[in-house]
Structure formats: structure tokens, C-alpha cells
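Source file: structure20.cif; contents: mmCIF, C-alpha atoms.
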```
data_input
#
loop_
_atom_site.group_PDB
_atom_site.id
_atom_site.type_symbol
_atom_site.label_atom_id
_atom_site.label_comp_id
_atom_site.auth_asym_id
_atom_site.auth_seq_id
_atom_site.Cartn_x
_atom_site.Cartn_y
_atom_site.Cartn_z
ATOM 1 C CA MET X 1 7.977 43.067 -57.037
ATOM 2 C CA SER X 2 6.834 43.745 -53.458
ATOM 3 C CA THR X 3 3.913 41.301 -53.784
ATOM 4 C CA ASP X 4 6.152 38.504 -54.994
ATOM 5 C CA ALA X 5 8.644 39.142 -52.200
ATOM 6 C CA SER X 6 5.955 38.942 -49.508
ATOM 7 C CA GLN X 7 4.602 35.672 -50.940
ATOM 8 C CA SER X 8 8.040 34.124 -51.095
ATOM 9 C CA THR X 9 8.713 35.188 -47.521
ATOM 10 C CA SER X 10 5.513 33.612 -46.213
ATOM 11 C CA GLN X 11 6.314 30.299 -47.950
ATOM 12 C CA GLU X 12 9.755 29.830 -46.389
ATOM 13 C CA GLY X 13 10.403 26.893 -44.005
ATOM 14 C CA PRO X 14 9.700 26.996 -40.244
ATOM 15 C CA LYS X 15 13.323 27.759 -39.469
ATOM 16 C CA GLY X 16 13.311 31.055 -41.360
ATOM 17 C CA PRO X 17 13.206 34.177 -39.197
ATOM 18 C CA THR X 18 10.295 35.684 -41.155
ATOM 19 C CA SER X 19 8.303 32.675 -42.314
ATOM 20 C CA THR X 20 4.847 34.068 -41.466
ATOM 21 C CA THR X 21 3.002 37.210 -42.266
ATOM 22 C CA LYS X 22 2.125 39.891 -39.786
ATOM 23 C CA GLU X 23 -1.400 38.557 -39.509
ATOM 24 C CA SER X 24 -0.178 35.221 -38.044
ATOM 25 C CA GLY X 25 2.682 36.010 -35.688
ATOM 26 C CA ARG X 26 4.512 33.226 -33.895
ATOM 27 C CA TYR X 27 4.434 32.767 -30.101
ATOM 28 C CA CYS X 28 6.425 30.126 -28.255
ATOM 29 C CA TRP X 29 4.187 28.132 -25.913
ATOM 30 C CA VAL X 30 7.179 27.388 -23.637
ATOM 31 C CA CYS X 31 8.702 30.828 -23.032
ATOM 32 C CA PHE X 32 5.744 32.881 -24.443
ATOM 33 C CA ALA X 33 8.106 34.985 -26.572
ATOM 34 C CA SER X 34 7.131 36.234 -30.028
ATOM 35 C CA GLU X 35 9.223 36.225 -33.172
ATOM 36 C CA GLU X 36 9.607 39.986 -32.910
ATOM 37 C CA GLU X 37 11.543 39.628 -29.639
ATOM 38 C CA ASP X 38 14.105 37.268 -31.163
ATOM 39 C CA ARG X 39 14.222 37.311 -34.966
ATOM 40 C CA HIS X 40 17.184 34.913 -35.125
ATOM 41 C CA ALA X 41 15.521 32.082 -33.168
ATOM 42 C CA SER X 42 14.763 28.773 -34.852
ATOM 43 C CA TRP X 43 11.056 27.851 -34.866
ATOM 44 C CA VAL X 44 9.367 24.476 -35.274
ATOM 45 C CA GLN X 45 5.782 23.192 -35.614
ATOM 46 C CA PRO X 46 6.137 19.716 -34.043
ATOM 47 C CA CYS X 47 2.489 18.627 -33.728
ATOM 48 C CA ASN X 48 -1.094 19.115 -34.911
ATOM 49 C CA CYS X 49 -1.884 21.998 -32.554
ATOM 50 C CA LYS X 50 -3.459 25.121 -34.005
ATOM 51 C CA GLY X 51 -3.470 28.733 -32.944
ATOM 52 C CA THR X 52 -1.099 30.050 -30.280
ATOM 53 C CA THR X 53 0.258 26.588 -29.383
ATOM 54 C CA LYS X 54 1.222 25.829 -32.964
ATOM 55 C CA TRP X 55 4.788 27.167 -32.860
ATOM 56 C CA VAL X 56 7.633 26.742 -30.401
ATOM 57 C CA HIS X 57 11.311 27.619 -30.260
ATOM 58 C CA GLN X 58 13.586 24.770 -31.252
ATOM 59 C CA THR X 59 15.791 25.379 -28.183
ATOM 60 C CA CYS X 60 12.797 25.631 -25.826
ATOM 61 C CA LEU X 61 11.345 22.400 -27.173
ATOM 62 C CA GLN X 62 14.722 20.690 -26.835
ATOM 63 C CA ARG X 63 14.878 21.626 -23.128
ATOM 64 C CA TRP X 64 11.301 20.464 -22.614
ATOM 65 C CA VAL X 65 12.058 17.124 -24.316
ATOM 66 C CA ASP X 66 15.135 16.687 -22.103
ATOM 67 C CA GLU X 67 12.978 17.164 -18.998
ATOM 68 C CA LYS X 68 10.475 14.587 -20.221
ATOM 69 C CA GLN X 69 13.088 12.000 -21.168
ATOM 70 C CA LYS X 70 14.899 12.470 -17.812
ATOM 71 C CA GLY X 71 18.388 11.836 -19.117
ATOM 72 C CA GLY X 72 17.457 9.178 -21.661
ATOM 73 C CA ASN X 73 17.181 9.749 -25.386
ATOM 74 C CA MET X 74 15.170 6.758 -26.547
ATOM 75 C CA SER X 75 11.825 7.305 -24.849
ATOM 76 C CA LYS X 76 8.939 8.758 -26.838
ATOM 77 C CA VAL X 77 7.677 12.276 -26.146
ATOM 78 C CA THR X 78 4.220 13.536 -27.065
ATOM 79 C CA CYS X 79 2.598 16.949 -27.191
ATOM 80 C CA PRO X 80 0.862 17.788 -23.889
ATOM 81 C CA GLN X 81 -2.111 19.270 -25.758
ATOM 82 C CA CYS X 82 -2.904 17.079 -28.803
ATOM 83 C CA GLN X 83 -0.884 14.005 -27.711
ATOM 84 C CA THR X 84 0.933 13.874 -31.042
ATOM 85 C CA GLU X 85 4.239 12.028 -30.871
ATOM 86 C CA TYR X 86 7.178 14.235 -31.732
ATOM 87 C CA ILE X 87 9.367 13.200 -34.666
ATOM 88 C CA ILE X 88 12.814 13.191 -33.057
ATOM 89 C CA VAL X 89 15.700 12.489 -35.447
ATOM 90 C CA PHE X 90 19.271 11.835 -34.322
ATOM 91 C CA PRO X 91 22.407 12.077 -36.437
ATOM 92 C CA ASN X 92 24.198 8.861 -37.372
ATOM 93 C CA MET X 93 26.975 8.390 -34.778
ATOM 94 C CA GLY X 94 28.248 5.011 -35.989
ATOM 95 C CA VAL X 95 27.729 1.340 -35.191
ATOM 96 C CA LEU X 96 29.587 1.398 -31.865
ATOM 97 C CA VAL X 97 27.356 4.126 -30.419
ATOM 98 C CA LEU X 98 24.263 2.201 -31.605
ATOM 99 C CA ILE X 99 25.484 -0.957 -29.885
ATOM 100 C CA LEU X 100 26.241 0.921 -26.661
ATOM 101 C CA ASP X 101 22.792 2.546 -26.725
ATOM 102 C CA THR X 102 21.172 -0.870 -27.176
ATOM 103 C CA VAL X 103 23.156 -2.392 -24.318
ATOM 104 C CA ASP X 104 22.393 0.581 -22.059
ATOM 105 C CA SER X 105 18.680 0.365 -22.856
ATOM 106 C CA PHE X 106 18.675 -3.400 -22.200
ATOM 107 C CA ILE X 107 20.393 -2.936 -18.828
ATOM 108 C CA TYR X 108 18.064 -0.068 -17.894
ATOM 109 C CA LYS X 109 14.967 -2.154 -18.641
ATOM 110 C CA GLY X 110 16.315 -5.375 -17.158
ATOM 111 C CA CYS X 111 17.592 -4.042 -13.827
ATOM 112 C CA PRO X 112 14.116 -3.712 -12.220
ATOM 113 C CA PHE X 113 13.347 -7.369 -13.019
ATOM 114 C CA MET X 114 16.758 -8.434 -11.728
ATOM 115 C CA ALA X 115 16.256 -6.451 -8.520
ATOM 116 C CA ALA X 116 12.810 -7.991 -8.072
ATOM 117 C CA GLY X 117 14.316 -11.459 -8.539
ATOM 118 C CA ILE X 118 17.005 -10.754 -5.949
ATOM 119 C CA VAL X 119 14.409 -9.539 -3.444
ATOM 120 C CA VAL X 120 12.185 -12.564 -4.065
ATOM 121 C CA GLY X 121 15.173 -14.895 -3.724
ATOM 122 C CA ALA X 122 16.243 -13.254 -0.471
ATOM 123 C CA VAL X 123 12.721 -13.541 0.929
ATOM 124 C CA TYR X 124 12.527 -17.184 -0.187
ATOM 125 C CA TRP X 125 15.776 -18.200 1.509
ATOM 126 C CA CYS X 126 14.803 -16.288 4.627
ATOM 127 C CA ALA X 127 11.568 -18.294 4.636
ATOM 128 C CA VAL X 128 13.552 -21.535 4.205
ATOM 129 C CA THR X 129 15.824 -20.622 7.118
ATOM 130 C CA TYR X 130 12.877 -19.638 9.291
ATOM 131 C CA GLY X 131 11.113 -22.913 8.440
ATOM 132 C CA ALA X 132 14.180 -24.957 9.399
ATOM 133 C CA ILE X 133 14.556 -23.091 12.709
ATOM 134 C CA THR X 134 10.841 -23.590 13.427
ATOM 135 C CA VAL X 135 11.088 -27.341 12.784
ATOM 136 C CA MET X 136 13.996 -27.647 15.228
ATOM 137 C CA GLN X 137 12.197 -25.460 17.756
ATOM 138 C CA VAL X 138 8.902 -27.357 17.637
ATOM 139 C CA ILE X 139 10.151 -30.927 17.285
ATOM 140 C CA GLY X 140 13.514 -30.604 18.980
ATOM 141 C CA GLN X 141 16.961 -29.780 17.691
ATOM 142 C CA LYS X 142 18.255 -33.326 17.274
ATOM 143 C CA GLU X 143 14.960 -34.735 16.010
ATOM 144 C CA GLY X 144 14.462 -31.811 13.625
ATOM 145 C CA LEU X 145 17.956 -32.135 12.144
ATOM 146 C CA ALA X 146 17.469 -35.886 11.721
ATOM 147 C CA ILE X 147 14.146 -35.407 9.929
ATOM 148 C CA MET X 148 15.530 -32.736 7.602
ATOM 149 C CA GLU X 149 18.617 -34.842 6.774
ATOM 150 C CA GLN X 150 16.450 -37.828 5.817
ATOM 151 C CA ALA X 151 13.865 -35.810 3.876
ATOM 152 C CA ASP X 152 13.920 -35.245 0.122
ATOM 153 C CA PRO X 153 15.605 -31.919 -0.791
ATOM 154 C CA LEU X 154 12.663 -30.983 -3.019
ATOM 155 C CA ILE X 155 10.263 -31.475 -0.127
ATOM 156 C CA LEU X 156 12.437 -29.273 2.070
ATOM 157 C CA LEU X 157 12.642 -26.532 -0.582
ATOM 158 C CA ILE X 158 8.851 -26.512 -0.810
ATOM 159 C CA GLY X 159 7.833 -27.421 2.728
ATOM 160 C CA LEU X 160 10.157 -25.190 4.758
ATOM 161 C CA PRO X 161 9.097 -21.858 3.162
ATOM 162 C CA ALA X 162 5.489 -23.014 3.398
ATOM 163 C CA ILE X 163 5.741 -22.855 7.206
ATOM 164 C CA PRO X 164 5.899 -19.038 7.529
ATOM 165 C CA VAL X 165 3.335 -18.678 4.745
ATOM 166 C CA SER X 166 0.948 -20.971 6.637
ATOM 167 C CA LEU X 167 1.511 -19.018 9.837
ATOM 168 C CA LEU X 168 0.712 -15.739 8.090
ATOM 169 C CA LEU X 169 -2.436 -17.143 6.497
ATOM 170 C CA GLY X 170 -3.525 -18.619 9.815
ATOM 171 C CA LYS X 171 -3.012 -15.258 11.489
ATOM 172 C CA LEU X 172 -5.438 -13.701 9.011
ATOM 173 C CA ILE X 173 -8.229 -16.049 10.125
ATOM 174 C CA ARG X 174 -10.119 -13.951 12.677
ATOM 175 C CA TRP X 175 -12.205 -16.636 14.342
ATOM 176 C CA GLU X 176 -12.858 -14.383 17.339
ATOM 177 C CA ASP X 177 -14.964 -12.058 15.183
ATOM 178 C CA ALA X 178 -17.039 -14.998 13.935
ATOM 179 C CA VAL X 179 -17.679 -16.218 17.499
ATOM 180 C CA LEU X 180 -18.455 -12.701 18.692
ATOM 181 C CA GLY X 181 -20.866 -12.099 15.816
ATOM 182 C CA PHE X 182 -22.641 -15.406 16.482
ATOM 183 C CA MET X 183 -23.044 -14.621 20.177
ATOM 184 C CA ARG X 184 -24.374 -11.115 19.456
ATOM 185 C CA LYS X 185 -26.935 -12.401 16.957
ATOM 186 C CA ASN X 186 -28.156 -15.195 19.205
ATOM 187 C CA ILE X 187 -28.056 -13.379 22.539
ATOM 188 C CA ASN X 188 -31.865 -13.389 22.728
ATOM 189 C CA LYS X 189 -32.247 -16.973 21.483
ATOM 190 C CA ILE X 190 -29.678 -18.499 23.831
ATOM 191 C CA PRO X 191 -30.285 -17.189 27.386
ATOM 192 C CA ILE X 192 -27.009 -18.601 28.710
ATOM 193 C CA ILE X 193 -25.076 -16.025 26.668
ATOM 194 C CA ARG X 194 -26.544 -13.240 28.812
ATOM 195 C CA ARG X 195 -24.894 -14.759 31.883
ATOM 196 C CA ILE X 196 -21.436 -14.293 30.389
ATOM 197 C CA PRO X 197 -20.010 -11.038 31.896
ATOM 198 C CA PRO X 198 -19.168 -9.177 28.657
ATOM 199 C CA PHE X 199 -22.665 -9.809 27.244
ATOM 200 C CA ARG X 200 -24.604 -8.365 30.202
ATOM 201 C CA ILE X 201 -26.049 -5.378 28.368
ATOM 202 C CA ASP X 202 -27.997 -2.813 30.328
ATOM 203 C CA ILE X 203 -31.188 -1.062 29.220
ATOM 204 C CA ALA X 204 -29.495 1.861 27.442
ATOM 205 C CA THR X 205 -27.295 -0.420 25.383
ATOM 206 C CA SER X 206 -30.062 -2.814 24.431
ATOM 207 C CA THR X 207 -32.350 0.072 23.509
ATOM 208 C CA ARG X 208 -29.811 1.560 21.125
ATOM 209 C CA THR X 209 -29.034 -1.884 19.686
ATOM 210 C CA GLU X 210 -32.680 -2.644 18.967
ATOM 211 C CA SER X 211 -33.539 0.800 17.582
ATOM 212 C CA SER X 212 -30.441 1.141 15.370
ATOM 213 C CA THR X 213 -29.691 -0.404 12.023
ATOM 214 C CA GLU X 214 -26.594 -2.438 11.300
ATOM 215 C CA HIS X 215 -24.792 0.597 9.849
ATOM 216 C CA ASP X 216 -25.433 2.699 12.976
ATOM 217 C CA LEU X 217 -23.775 0.242 15.361
ATOM 218 C CA PRO X 218 -20.037 0.189 16.121
ATOM 219 C CA PRO X 219 -18.002 -1.999 13.757
ATOM 220 C CA LEU X 220 -17.397 -5.603 14.725
ATOM 221 C CA THR X 221 -13.870 -5.906 13.395
ATOM 222 C CA SER X 222 -10.860 -3.653 13.812
ATOM 223 C CA PRO X 223 -8.455 -2.694 11.005
ATOM 224 C CA ILE X 224 -5.769 -5.231 10.117
ATOM 225 C CA SER X 225 -2.217 -4.138 10.890
ATOM 226 C CA ALA X 226 0.330 -5.697 8.532
ATOM 227 C CA THR X 227 3.205 -5.373 10.994
ATOM 228 C CA ARG X 228 1.128 -6.834 13.807
ATOM 229 C CA VAL X 229 0.101 -9.805 11.675
ATOM 230 C CA LEU X 230 3.694 -10.406 10.572
ATOM 231 C CA CYS X 231 5.161 -10.210 14.081
ATOM 232 C CA GLY X 232 2.382 -12.318 15.601
ATOM 233 C CA ALA X 233 2.719 -15.023 12.950
ATOM 234 C CA LEU X 234 6.512 -15.265 13.107
ATOM 235 C CA LEU X 235 6.563 -15.289 16.929
ATOM 236 C CA MET X 236 3.846 -17.944 17.151
ATOM 237 C CA PRO X 237 6.216 -20.973 17.326
ATOM 238 C CA THR X 238 8.257 -19.351 20.098
ATOM 239 C CA ILE X 239 5.132 -18.446 22.070
ATOM 240 C CA SER X 240 3.727 -21.950 21.583
ATOM 241 C CA THR X 241 6.951 -23.498 22.848
ATOM 242 C CA PHE X 242 6.935 -21.248 25.908
ATOM 243 C CA PHE X 243 3.299 -21.974 26.802
ATOM 244 C CA GLY X 244 3.829 -25.676 26.137
ATOM 245 C CA LYS X 245 6.688 -25.861 28.627
ATOM 246 C CA LEU X 246 4.764 -23.712 31.098
ATOM 247 C CA LEU X 247 1.404 -25.518 31.036
ATOM 248 C CA PHE X 248 2.122 -29.007 29.667
ATOM 249 C CA ASP X 249 5.523 -29.859 31.034
ATOM 250 C CA SER X 250 4.371 -33.393 31.810
ATOM 251 C CA VAL X 251 3.913 -34.202 28.112
ATOM 252 C CA LYS X 252 7.023 -36.017 26.881
ATOM 253 C CA SER X 253 6.748 -35.254 23.171
ATOM 254 C CA ASN X 254 8.159 -31.827 22.361
ATOM 255 C CA PHE X 255 5.904 -31.571 19.288
ATOM 256 C CA HIS X 256 2.704 -32.410 21.186
ATOM 257 C CA ARG X 257 3.686 -30.071 24.002
ATOM 258 C CA THR X 258 4.249 -27.205 21.552
ATOM 259 C CA VAL X 259 0.953 -27.852 19.758
ATOM 260 C CA LEU X 260 -0.964 -27.902 23.037
ATOM 261 C CA GLY X 261 0.778 -24.719 24.149
ATOM 262 C CA GLY X 262 -0.131 -23.007 20.882
ATOM 263 C CA LEU X 263 -3.772 -24.055 21.121
ATOM 264 C CA ALA X 264 -3.947 -22.882 24.729
ATOM 265 C CA PHE X 265 -2.431 -19.530 23.816
ATOM 266 C CA ILE X 266 -4.840 -19.076 20.894
ATOM 267 C CA ALA X 267 -7.828 -19.947 23.110
ATOM 268 C CA VAL X 268 -6.822 -17.607 25.944
ATOM 269 C CA LYS X 269 -5.954 -14.802 23.573
ATOM 270 C CA GLY X 270 -9.240 -15.264 21.672
ATOM 271 C CA CYS X 271 -11.306 -15.127 24.857
ATOM 272 C CA LEU X 272 -9.532 -11.958 25.992
ATOM 273 C CA LYS X 273 -10.005 -10.390 22.575
ATOM 274 C CA ILE X 274 -13.717 -11.250 22.568
ATOM 275 C CA TYR X 275 -14.081 -9.762 26.038
ATOM 276 C CA HIS X 276 -12.213 -6.599 25.061
ATOM 277 C CA LYS X 277 -14.174 -6.096 21.835
ATOM 278 C CA GLN X 278 -17.507 -6.636 23.573
ATOM 279 C CA GLN X 279 -16.595 -4.156 26.302
ATOM 280 C CA ASN X 280 -15.647 -1.581 23.679
ATOM 281 C CA TYR X 281 -18.921 -2.318 21.902
ATOM 282 C CA ILE X 282 -20.908 -1.701 25.090
ATOM 283 C CA ARG X 283 -18.904 1.444 25.809
ATOM 284 C CA GLN X 284 -19.631 2.841 22.342
ATOM 285 C CA CYS X 285 -23.306 1.931 22.588
ATOM 286 C CA GLN X 286 -23.545 3.851 25.876
ATOM 287 C CA ARG X 287 -21.769 6.862 24.417
ATOM 288 C CA ARG X 288 -23.642 10.182 24.531
ATOM 289 C CA ILE X 289 -22.970 13.610 23.066
ATOM 290 C CA LEU X 290 -23.761 16.425 25.511
ATOM 291 C CA ASP X 291 -24.971 19.968 24.921
ATOM 292 C CA TYR X 292 -22.245 22.570 24.527
ATOM 293 C CA THR X 293 -22.880 24.431 27.783
ATOM 294 C CA GLU X 294 -20.521 25.904 30.350
ATOM 295 C CA SER X 295 -21.360 23.276 32.950
ATOM 296 C CA ASN X 296 -20.735 20.412 30.531
ATOM 297 C CA ILE X 297 -17.497 22.017 29.358
ATOM 298 C CA SER X 298 -16.174 22.360 32.923
ATOM 299 C CA THR X 299 -17.219 18.788 33.722
ATOM 300 C CA TYR X 300 -15.504 17.551 30.559
ATOM 301 C CA VAL X 301 -12.296 19.426 31.366
ATOM 302 C CA ARG X 302 -12.207 18.078 34.920
ATOM 303 C CA HIS X 303 -12.824 14.561 33.678
ATOM 304 C CA ASN X 304 -9.914 14.781 31.230
ATOM 305 C CA ARG X 305 -7.609 16.167 33.927
ATOM 306 C CA THR X 306 -8.400 13.286 36.268
ATOM 307 C CA GLN X 307 -7.727 10.794 33.492
ATOM 308 C CA ASP X 308 -4.375 12.449 32.674
ATOM 309 C CA ASP X 309 -3.354 12.432 36.325
#
```
Would you put the structure from the file into C-alpha cells?
Amino acid sequence: MSTDASQSTSQEGPKGPTSTTKESGRYCWVCFASEEEDRHASWVQPCNCKGTTKWVHQTCLQRWVDEKQKGGNMSKVTCPQCQTEYIIVFPNMGVLVLILDTVDSFIYKGCPFMAAGIVVGAVYWCAVTYGAITVMQVIGQKEGLAIMEQADPLILLIGLPAIPVSLLLGKLIRWEDAVLGFMRKNINKIPIIRRIPPFRIDIATSTRTESSTEHDLPPLTSPISATRVLCGALLMPTISTFFGKLLFDSVKSNFHRTVLGGLAFIAVKGCLKIYHKQQNYIRQCQRRILDYTESNISTYVRHNRTQDD
């Protein structure tokens, strides 16, 4: 009788309070409690795990599933160990609840795409407005309005937002680095380059340049700042208009005057940037690291104090 009772007890379902023998006790992998601590708890074996992670309390697993689903009840949940998908069964709540769940899931999945469309649309119309303002600023208010009124609407919808895009792409073209790299490579072949002030390299600089590899020298380009590129590109028409009126006031055409002002600004800015980068290059080539002695420390401290003052 006792043998049959023990066999029948070990063959009961996972929800029974004594469904295993003493040799294979249950331990919940969530709360680490055994079946001896709570004999009335409901147990479940939801995945293919073996050993100590085989069993788990039904209530503990429910809480863990709620944390993974984050308020939803339709997303799939898998075991963190064996990656087996849990078989989650819901009671039948009727057709109306099913329809509401479907609508809620559709809205939840569709809102990110709708938000992305709204953001893209807002950016597009901002680009159209900026393009129209730029046309009136460069050509003239009356002339710009007349051109846009006579133009095809499709051309305006495509051409006006292309103006800020073109300005941003043009800002990314770093022609100063190309010119600076060409002058550095050909400084020995073209003697006239050495007469330009920023390329007058002394003995210490030239020695380090000749004895170092390309990876040992200071970098040619500086990191690209997204905000700086955006601000510089969007302010370019205004700056071009200002320089055009300042330097080429005798030119009658507002468009030609703005173009000339923009080219002059780009040229002056490029020359200053080349000069600044070359000076930083020479400064880094002449850089030295001193011995850590008391005299050098005191000299370094005094030098920093004079710079701060």
C-alpha cells in the first residue's frame, strides 16, 4: 500500500503540493524557496531547463512575465536560460475584448511610425520655409516673390527644401584640409610655399616631421561638430548677404552681390583656418615632455599662473 501511494504521489501534476519525491525537491529560481517552505504554492515547469532551474512558482513566474511584458499582454516571453518561449494561455473574454486588444495593439505599433512621419513633415516644411526666405534674401524680396509665384508648385516643393540640404552638404566639404595637405606634401618641391608665414618650419619641427611616420604626426583634420555644421550652413546666406553689401556694394544685382560676398567669406575663412591649423601643427611638432623634477614643476606652475593671469 505504501509503495503504491508513493508512486501515485510522484506522478501527480506540477500543481500538486507533493508532486516530486524527496530525492528531487523543487526550488523556485525566482525567489529561491523550496516546496518545504510553502507546501500550498502552485508550481510550474515552463521550459526545457533541467536541474535547479526546472521549477518555478506560478505566482513568481507571473510577476516576472509582467515585468518583461511591461504592461502589455501580447508580447512573447522566453526563458532567460534556455530561450524557450513560454506557453501563455488567456481565458476567453469575448469578442469585444479581442477587438479592443487588436485595436490597442495596432495603435501601439503604429504610433512610432506616425510620430516619425510628423517629425519628417515638420522638418520638410521648415526646409521649404527656409528655402523661400533664402530665395527672397539672396535675390531680393520682390524679385524672389515674383519668381516663386511664376514657378511650378512641384518645382518649389522640390527645389526649396533642396536649398538647406545643399548648404549642409556644402558645409561638409572641407576644402581647406585638402589645400593644407597638398601644401604640406609639396613643401620641399615648391620652394615658394616656404615663404608663406605659416609654413616657415624651424629645424626642430622639420626634424620631427622627417623622422616620424604619418601616424606619429598630429592629425590634419579636426572632429566634425554637428551643431557647428548646422549653424554655419543655415547662417551662410545671411553672412553672404552681409559681406556682399560690405565689399561689393557697387554691384547692382543683389544675387551677384550675395554670391560674391559668399565666395569672399569662404576664401577669407579658409585662409584663416589653414593658418590656424598650420600654427597648431607647428606648435604640436615643437611640443616636448620634460623630466619630472622640482625645477621643471616650479617652472610649469609659474607658467600656468602667468597664463591664467
Got a sec: who's within 12 Å of Val135 in chain X, counting all atoms listed in the file, leaving out chain neighbours fewer than 2 positions off, as number ranges by chain? X: 128-133, 137-148, 156, 159-164, 237-238, 241, 254-255, 258
Which centre and edge lengths in Å to one decimal define the box along x, y and z that fits every listed atom of range 94-109 of chain X plus 6 Å per side, as AutoDock Vina command-line options?
```
--center_x 22.3 --center_y 0.8 --center_z -26.9 --size_x 26.6 --size_y 20.4 --size_z 30.1
```
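Remark: for Ala127 in chain X, the closest of the candidate residues X:Ser166, X:Thr227, X:Asn92, X:Thr102 is X:Ser166 (distances computed over only C-alpha atoms).
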From the set X:Val30, X:Leu235, X:Val179, X:Leu247, which residue has the shortest atom-to-atom contact distance to Lys277 in chain X, counting only C-alpha atoms? X:Val179
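Atom to atom, CA of Asp249 in chain X and CA of Lys273 in chain X stand 26.3 Å apart.
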Find, counting all atoms listed in the file, the residue in X:Ile239, X:Leu230, X:Ala41, X:Ile190 that gets nearest to Leu169 in chain X. X:Leu230
To one decimal place in Å, what is the distance between CA of Asp38 in chain X and CA of Lys54 in chain X? 17.3 Å
Enter the distance from CA of Ile224 in chain X to CA of Val165 in chain X, in Å, rounded to one decimal. 17.1 Å
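Minimum atom-to-atom distances from X:Arg184, X:Arg63, X:Tyr300, X:Trp55 to Gln278 in chain X were compared using all atoms listed in the file, and the lowest value belongs to X:Arg184.
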I would like the residues chosen by the PyMOL selection byres ((chain X and resi 34) around 12) on the shown file; could you give them as a ChimeraX atom specification? /X:17-18,20,22,24-33,35-43,52-53,55-57
If the PyMOL selection byres ((chain X and resi 172) around 12) is run on the structure shown, which residues does it catch, given as a PyMOL selection string? chain X and resi 165-171+173-177+223-226+228-230+232-233
